[in-house]
Amino acid sequence: MSATGAGLLIIALLFGLLATGMPIAFALGLAAFVALFLQDGFNIFYILGDTMFSGIANLAYVSIPMFVLMGAAVASSPAGSDLYTSLDRWLNRVPGGLVLSNIGSCAIFSGMTGSSPATCAAIGKMGIPEMLRRGYPNSVATGSIAAGGTLGILIPPSVTLIVYGIATETSIGRLFMAGVIPGIMLTVMFMVWAIIDCKRKGYEFAARSVRYTLKERLSAMPRILPFLLIIAGTLYVLYGGIATPSEAAGAGALLTLLVVIIAYRLFRFRAVSGIFASAMRESVMIMMIMAAAELFAFALSSLFITQTIATVIADMDVNRWVLMAIINVFLLVCGMFLPPVAVIVMTAPMLFPIVTQAGFDPYWFAIVLTINMEVGLITPPIGLNLFVINAIAPTVPTRDILWGSLPYVLVMFLAILILCLFPDIATWLPNQMLGVVE
């Protein structure tokens, strides 16, 4: 069978397994197993375990469960509610102020968790019922949270950028720094769209008639400031070369855990064990997906599918920006069916040399790739954030969630275009802080 035929067969098998509702890690692993078994028979059992787990036997991956623990500690406490309440009091007079509070809370919470589903769940549990109570349409209430939650994989610390850094052997600290300005830019773009949309549709809500004193606006800040200081401290020791990503993640997780326990008086064993249980579940899920994606990538490589695709893309006699457009479409399609971690493990090693040979900055490309993955999080059929929102607000029709998310998808496309026109948005800060990569 040709590489093209084998590729179509394995992809069709993967989609078929996903359509049955099988967990993504198992679907990836089983599709890869079938492909390798048809090629090598029972000999694959000699390499199966080693291939799966050698790909994740990297000390740098220790940072992933640490950042997940950091997020679980925050998500298991009322920190999200405090953050949301504080921003609502400051922005309630702005048209669509509650939407801005949602997006702003998601952006700040992303810096605490590095996870889109965790951000979606923590802010959504508080924000969606409150928006619906104040008269916001279903689509506006759910779409803003679904889109805001995607910031979790862009704003550092980002699990997705960690995986990209390890897969391409690039600096994780530089990747985090490259995500700062684009993360702020995308947050502002989301907010600008929310204001335009609310003004255009003439939304007027009771929230604007509520007035808060300066004392009331400042009252929620003391609970939020420690978390913001932890984020700043974690990023400082990482960017300042004081600690490795794993060490910074461990220190951040410990400090966050202590702040949550002390500030919210979570002294009972059940509360603390629940945080660790939640972190362990998400960490195991991520690592299982990565191990299965590693096996899937090995299967694609063994069948010469990866090499064939890479050769076809590299041999295209087209302008490099046309090449980048093709790569973006490819990533968008992948992101619609697979989680960001799986897409990066499978595609980054293949695309990295193509992108660098075409003269693109690898750190800039990491941000473009991540925004593509953000789009996949709120587009069917495997839009993870859509499922999270649906679980939080089961009474809201899925159609409304999709329609509410669509404008933000277009905003993300615009952000990719802006990054293509002005790549310094992603590269300026790391180059200023860490020097230009030769």
# chains A, B, ... in the order shown; residues from 1 in each chain; ligands from 1
>>> residues_around(residues="Val368 (chain A)", least_positions_apart="6", cutoff="12 Å", atoms="only C-alpha atoms", output="PyMOL selection string")
chain A and resi 153-154+161+164+175+178-179+182-183+186+324-325+327-329+331-332+355+360-362+374-375+412-423+425-427
>>> select_by_dssp(residues="region 158-346 of chain A", states="helix (DSSP H, G or I)", output="PyMOL selection string")
chain A and resi 159-168+172-200+206-209+214-219+221-239+245-263+269-302+305-314+320-337+340-346
>>> residues_around(residues="region 116-131 of chain A", least_positions_apart="5", cutoff="9 Å", atoms="only C-alpha atoms", output="number ranges by chain")
A: 71-72, 74-76, 78-81, 83-84, 98-99, 101-102, 105-107, 109-110, 136-138, 140-142, 145-153, 374, 377, 384-385, 388-389, 391-393
>>> residues_around(residues="Ala271 (chain A)", least_positions_apart="6", cutoff="12 Å", atoms="only C-alpha atoms", output="PDB file with N, CA and C atoms, in the first residue's frame")
ATOM      1  N   ALA A  72      -5.183  23.208  39.569  1.00  0.00           N
ATOM      2  CA  ALA A  72      -6.192  22.480  40.349  1.00  0.00           C
ATOM      3  C   ALA A  72      -6.404  23.143  41.702  1.00  0.00           C
ATOM      4  N   ALA A  73      -5.324  23.627  42.304  1.00  0.00           N
ATOM      5  CA  ALA A  73      -5.441  24.297  43.607  1.00  0.00           C
ATOM      6  C   ALA A  73      -6.289  25.553  43.493  1.00  0.00           C
ATOM      7  N   SER A  76     -10.004  24.674  42.622  1.00  0.00           N
ATOM      8  CA  SER A  76     -10.751  24.042  43.714  1.00  0.00           C
ATOM      9  C   SER A  76     -11.092  25.017  44.826  1.00  0.00           C
ATOM     10  N   SER A  77     -10.645  26.252  44.697  1.00  0.00           N
ATOM     11  CA  SER A  77     -10.909  27.266  45.716  1.00  0.00           C
ATOM     12  C   SER A  77     -11.847  28.329  45.143  1.00  0.00           C
ATOM     13  N   LEU A 257      -0.487  26.215  46.414  1.00  0.00           N
ATOM     14  CA  LEU A 257      -1.177  25.294  47.326  1.00  0.00           C
ATOM     15  C   LEU A 257      -1.233  25.875  48.731  1.00  0.00           C
ATOM     16  N   VAL A 260      -3.717  28.878  48.824  1.00  0.00           N
ATOM     17  CA  VAL A 260      -5.106  28.412  48.771  1.00  0.00           C
ATOM     18  C   VAL A 260      -5.524  27.830  50.120  1.00  0.00           C
ATOM     19  N   ILE A 261      -4.679  27.009  50.716  1.00  0.00           N
ATOM     20  CA  ILE A 261      -5.021  26.370  51.991  1.00  0.00           C
ATOM     21  C   ILE A 261      -5.178  27.411  53.092  1.00  0.00           C
ATOM     22  N   TYR A 264      -8.152  30.320  52.139  1.00  0.00           N
ATOM     23  CA  TYR A 264      -9.527  29.815  52.124  1.00  0.00           C
ATOM     24  C   TYR A 264      -9.766  28.746  53.181  1.00  0.00           C
ATOM     25  N   ARG A 265      -8.796  28.601  54.072  1.00  0.00           N
ATOM     26  CA  ARG A 265      -8.931  27.711  55.229  1.00  0.00           C
ATOM     27  C   ARG A 265      -9.328  26.288  54.821  1.00  0.00           C
ATOM     28  N   ALA A 277      -6.136  14.839  43.791  1.00  0.00           N
ATOM     29  CA  ALA A 277      -6.839  13.869  42.936  1.00  0.00           C
ATOM     30  C   ALA A 277      -7.197  14.494  41.591  1.00  0.00           C
ATOM     31  N   SER A 278      -7.689  15.739  41.634  1.00  0.00           N
ATOM     32  CA  SER A 278      -8.037  16.434  40.393  1.00  0.00           C
ATOM     33  C   SER A 278      -6.814  16.637  39.518  1.00  0.00           C
TER      34      SER A 278
END
